[in-house]
file start.cif (mmCIF, C-alpha atoms)
data_upload
#
loop_
_atom_site.label_atom_id
_atom_site.label_comp_id
_atom_site.auth_asym_id
_atom_site.auth_seq_id
_atom_site.Cartn_x
_atom_site.Cartn_y
_atom_site.Cartn_z
CA MET R 886 99.88 -18.70 46.16
CA ALA R 887 97.35 -20.83 48.02
CA PRO R 888 94.15 -19.12 49.12
CA GLY R 889 94.17 -18.14 52.74
CA SER R 890 97.96 -18.30 53.01
CA ALA R 891 98.08 -14.79 54.44
CA LEU R 892 95.65 -12.93 56.65
CA ILE R 893 94.31 -9.49 55.91
CA PRO R 894 94.98 -7.34 58.97
CA ARG R 895 91.95 -5.72 60.53
CA LEU R 896 93.92 -2.64 61.59
CA MET R 897 96.73 -0.98 59.70
CA ASP R 898 99.65 0.19 61.83
CA LEU R 899 100.64 3.54 60.36
CA SER R 900 103.91 4.93 61.62
CA PRO R 901 104.50 8.70 61.38
CA GLY R 902 104.95 9.83 57.79
CA THR R 903 103.25 6.77 56.31
CA GLU R 904 100.47 7.54 53.87
CA ALA R 905 97.66 5.08 53.28
CA LEU R 906 95.19 5.60 50.46
CA ARG R 907 91.78 3.98 50.79
CA TYR R 908 88.70 3.98 48.58
CA CYS R 909 85.51 2.03 49.19
CA PHE R 910 82.32 1.73 47.13
CA ALA R 911 79.18 -0.39 47.10
CA LEU R 912 77.21 -1.59 44.09
CA PRO R 913 74.06 -3.65 43.59
CA ALA R 914 74.82 -7.34 43.12
CA HIS R 915 73.82 -7.35 39.44
CA PRO R 916 75.92 -8.46 36.46
CA GLU R 917 75.97 -4.92 35.04
CA SER R 918 77.67 -3.70 38.25
CA VAL R 919 80.88 -5.48 37.24
CA ALA R 920 81.54 -2.85 34.54
CA GLY R 921 80.84 -0.11 37.10
CA ALA R 922 83.35 -1.67 39.49
CA ARG R 923 85.98 -1.72 36.73
CA ARG R 924 85.31 1.96 35.88
CA ARG R 925 85.49 3.11 39.51
CA THR R 926 88.65 1.12 40.12
CA ARG R 927 90.42 2.44 37.02
CA SER R 928 89.42 6.02 37.82
CA ARG R 929 90.68 5.86 41.41
CA LEU R 930 93.94 4.10 40.51
CA ASP R 931 94.56 6.72 37.81
CA GLU R 932 94.13 9.39 40.51
CA TRP R 933 96.62 7.51 42.68
CA ARG R 934 99.00 7.34 39.68
CA LEU R 935 99.53 3.60 39.75
CA ASP R 936 101.63 2.35 36.88
CA GLY R 937 99.82 0.89 33.87
CA ASP R 938 100.58 -2.79 34.51
CA ALA R 939 99.51 -2.67 38.16
CA CYS R 940 96.37 -0.73 37.22
CA GLU R 941 95.40 -3.23 34.51
CA ALA R 942 96.00 -6.17 36.87
CA ALA R 943 93.95 -4.51 39.61
CA VAL R 944 91.03 -3.79 37.27
CA LEU R 945 91.00 -7.43 36.14
CA ILE R 946 91.15 -8.70 39.72
CA VAL R 947 88.29 -6.41 40.80
CA SER R 948 86.28 -7.63 37.80
CA GLU R 949 86.82 -11.28 38.71
CA LEU R 950 86.09 -10.85 42.43
CA VAL R 951 82.95 -8.77 41.88
CA THR R 952 81.75 -11.24 39.23
CA ASN R 953 82.19 -14.10 41.70
CA ALA R 954 80.27 -12.21 44.40
CA VAL R 955 77.41 -11.51 41.97
CA VAL R 956 77.24 -14.99 40.43
CA HIS R 957 77.95 -17.25 43.41
CA THR R 958 76.11 -15.55 46.31
CA ALA R 959 72.62 -14.44 47.16
CA SER R 960 73.81 -10.87 47.84
CA THR R 961 71.83 -7.75 47.07
CA ARG R 962 75.00 -5.62 47.10
CA VAL R 963 78.77 -6.00 47.03
CA VAL R 964 81.32 -3.70 48.62
CA CYS R 965 84.75 -3.16 47.12
CA GLU R 966 87.70 -1.62 48.95
CA LEU R 967 91.01 -0.52 47.47
CA ARG R 968 93.82 0.17 49.91
CA CYS R 969 97.29 1.32 48.95
CA LEU R 970 100.09 1.08 51.51
CA ASP R 971 103.81 0.25 51.55
CA GLY R 972 104.08 -0.45 47.83
CA ARG R 973 101.14 -2.85 47.85
CA LEU R 974 97.59 -2.53 46.61
CA ARG R 975 95.05 -4.56 48.56
CA ILE R 976 91.70 -5.27 46.91
CA ALA R 977 88.84 -6.64 49.01
CA VAL R 978 85.33 -7.52 47.87
CA GLN R 979 82.64 -8.32 50.42
CA ASP R 980 79.39 -10.10 49.63
CA GLN R 981 76.39 -10.67 51.87
CA GLY R 982 76.15 -14.44 51.77
CA HIS R 983 78.48 -17.25 50.94
CA GLN R 984 78.47 -20.90 50.26
CA PRO R 985 80.23 -23.22 52.72
CA GLY R 986 83.93 -23.59 52.02
CA GLY R 987 84.49 -20.29 50.27
CA PRO R 988 86.00 -19.67 46.85
CA ARG R 989 88.08 -22.43 45.25
CA LEU R 990 90.49 -22.54 42.37
CA GLY R 991 89.41 -24.61 39.39
CA ARG R 992 91.68 -27.53 38.65
CA SER R 993 92.25 -26.35 35.09
CA ALA R 994 91.26 -23.64 32.65
CA ASP R 995 88.65 -26.10 31.31
CA ASP R 996 86.72 -26.19 34.61
CA GLU R 997 83.37 -24.42 34.40
CA HIS R 998 84.01 -22.54 37.65
CA GLY R 999 87.20 -21.22 39.21
CA ARG R 1000 88.91 -19.90 36.08
CA GLY R 1001 88.69 -16.31 37.32
CA LEU R 1002 90.41 -17.30 40.53
CA LEU R 1003 93.18 -18.93 38.48
CA LEU R 1004 93.76 -15.50 36.93
CA VAL R 1005 93.68 -13.80 40.33
CA ASP R 1006 96.11 -16.37 41.71
CA ALA R 1007 98.51 -15.85 38.79
CA MET R 1008 98.43 -12.04 38.95
CA CYS R 1009 98.66 -11.26 42.65
CA SER R 1010 101.26 -11.87 45.34
CA ALA R 1011 98.67 -13.20 47.83
CA TRP R 1012 94.93 -13.76 48.03
CA GLY R 1013 92.44 -15.40 50.31
CA SER R 1014 89.05 -15.14 51.94
CA ARG R 1015 87.54 -14.87 55.37
CA ASP R 1016 84.13 -14.53 56.90
CA ALA R 1017 82.97 -10.94 57.29
CA GLY R 1018 82.93 -9.72 60.86
CA ASP R 1019 79.16 -9.81 61.07
CA ARG R 1020 79.09 -13.43 59.79
CA SER R 1021 76.64 -12.51 57.05
CA GLY R 1022 79.08 -12.66 54.21
CA ARG R 1023 82.58 -13.27 52.98
CA ILE R 1024 85.48 -11.02 52.12
CA VAL R 1025 87.72 -12.15 49.27
CA TRP R 1026 90.95 -10.18 49.03
CA ALA R 1027 94.00 -9.97 46.83
CA GLU R 1028 97.28 -8.06 47.06
CA LEU R 1029 99.67 -6.98 44.40
CA PRO R 1030 102.86 -4.95 44.47
CA HIS R 1031 102.96 -1.90 42.23
CA GLY R 1032 105.03 0.99 41.08
CA SER R 1033 103.51 4.44 41.32
CA GLU R 1034 104.36 8.09 41.46
CA HIS R 1035 102.47 8.13 44.74
CA THR R 1036 104.06 6.38 47.69
CA CYS R 1037 101.50 3.77 48.61
#
call {"tool": "encode", "arguments": {"input": "start.cif", "output": "structure tokens"}}
result
Amino acid sequence: MAPGSALIPRLMDLSPGTEALRYCFALPAHPESVAGARRRTRSRLDEWRLDGDACEAAVLIVSELVTNAVVHTASTRVVCELRCLDGRLRIAVQDQGHQPGGPRLGRSADDEHGRGLLLVDAMCSAWGSRDAGDRSGRIVWAELPHGSEHTC
């Protein structure tokens, strides 16, 4: 899936009886925060009863996106949002400053940069990026379908 091939909606249209689960957390933009992001994600997805494969994929995607925000931006914090709706899990990571052009896939697994995005691209059904509403950062998002005991 090419980055930016789908747009993340700003508002979710919830019809009666539709349940949306949402969890958001912020962490300092330090390398050690990546492990904290993985722990928080796993804990919340366990609470939401996501199946094991979807949970493992989501934890890896969060790890890659938070790592990119920490390594490739001048942010002091990153914000991660998990949103579960209609059988899809949407992961979004916002930084505070981005480089022109946004994230790019590496051409191969041998490239020094972009390998994490190759993993994200292979694991999710869609991903992309957009400028944050306040123009001070970028939001990189990914979606994946999942099975769960909870109706997401």
call {"tool": "resolve_selection", "arguments": {"input": "start.cif", "expression": "the PyMOL selection byres ((chain R and resi 965-977) around 10)", "output": "JSON, numbers by chain"}}
result
{"R": [893, 897, 899, 903, 904, 905, 906, 907, 908, 909, 910, 911, 912, 922, 925, 926, 929, 930, 933, 935, 939, 940, 943, 944, 946, 947, 950, 951, 963, 964, 978, 979, 980, 1009, 1010, 1011, 1012, 1013, 1014, 1023, 1024, 1025, 1026, 1027, 1028, 1029, 1030, 1031, 1032, 1033, 1035, 1036, 1037]}
call {"tool": "atom_distance", "arguments": {"input": "start.cif", "atom1": "CA of Ala942 in chain R", "atom2": "CA of Ala954 in chain R"}}
result
18.5 Å
call {"tool": "closest_residue", "arguments": {"input": "start.cif", "among": "R:Leu1003, R:Val956, R:Val919, R:Met1008", "to": "Glu941 in chain R", "atoms": "all atoms listed in the file"}}
result
R:Met1008
call {"tool": "residues_near_point", "arguments": {"input": "start.cif", "point": "(74.4, -11.4, 51.1)", "cutoff": "10 Å", "atoms": "all atoms listed in the file", "output": "list in words"}}
result
Ala914, Ala954, Val955, Thr958, Ala959, Ser960, Thr961, Arg962, Val963, Gln979, Asp980, Gln981, Gly982, His983, Ser1021, Gly1022 and Arg1023 of chain R
call {"tool": "closest_residue", "arguments": {"input": "start.cif", "among": "R:Arg1015, R:Ser948, R:Ala1007, R:Arg1000", "to": "Ser918 in chain R", "atoms": "all atoms listed in the file"}}
result
R:Ser948
call {"tool": "atom_distance", "arguments": {"input": "start.cif", "atom1": "CA of Leu945 in chain R", "atom2": "CA of Gly1018 in chain R"}}
result
26.1 Å
call {"tool": "atom_distance", "arguments": {"input": "start.cif", "atom1": "CA of Arg924 in chain R", "atom2": "CA of Glu949 in chain R"}}
result
13.6 Å
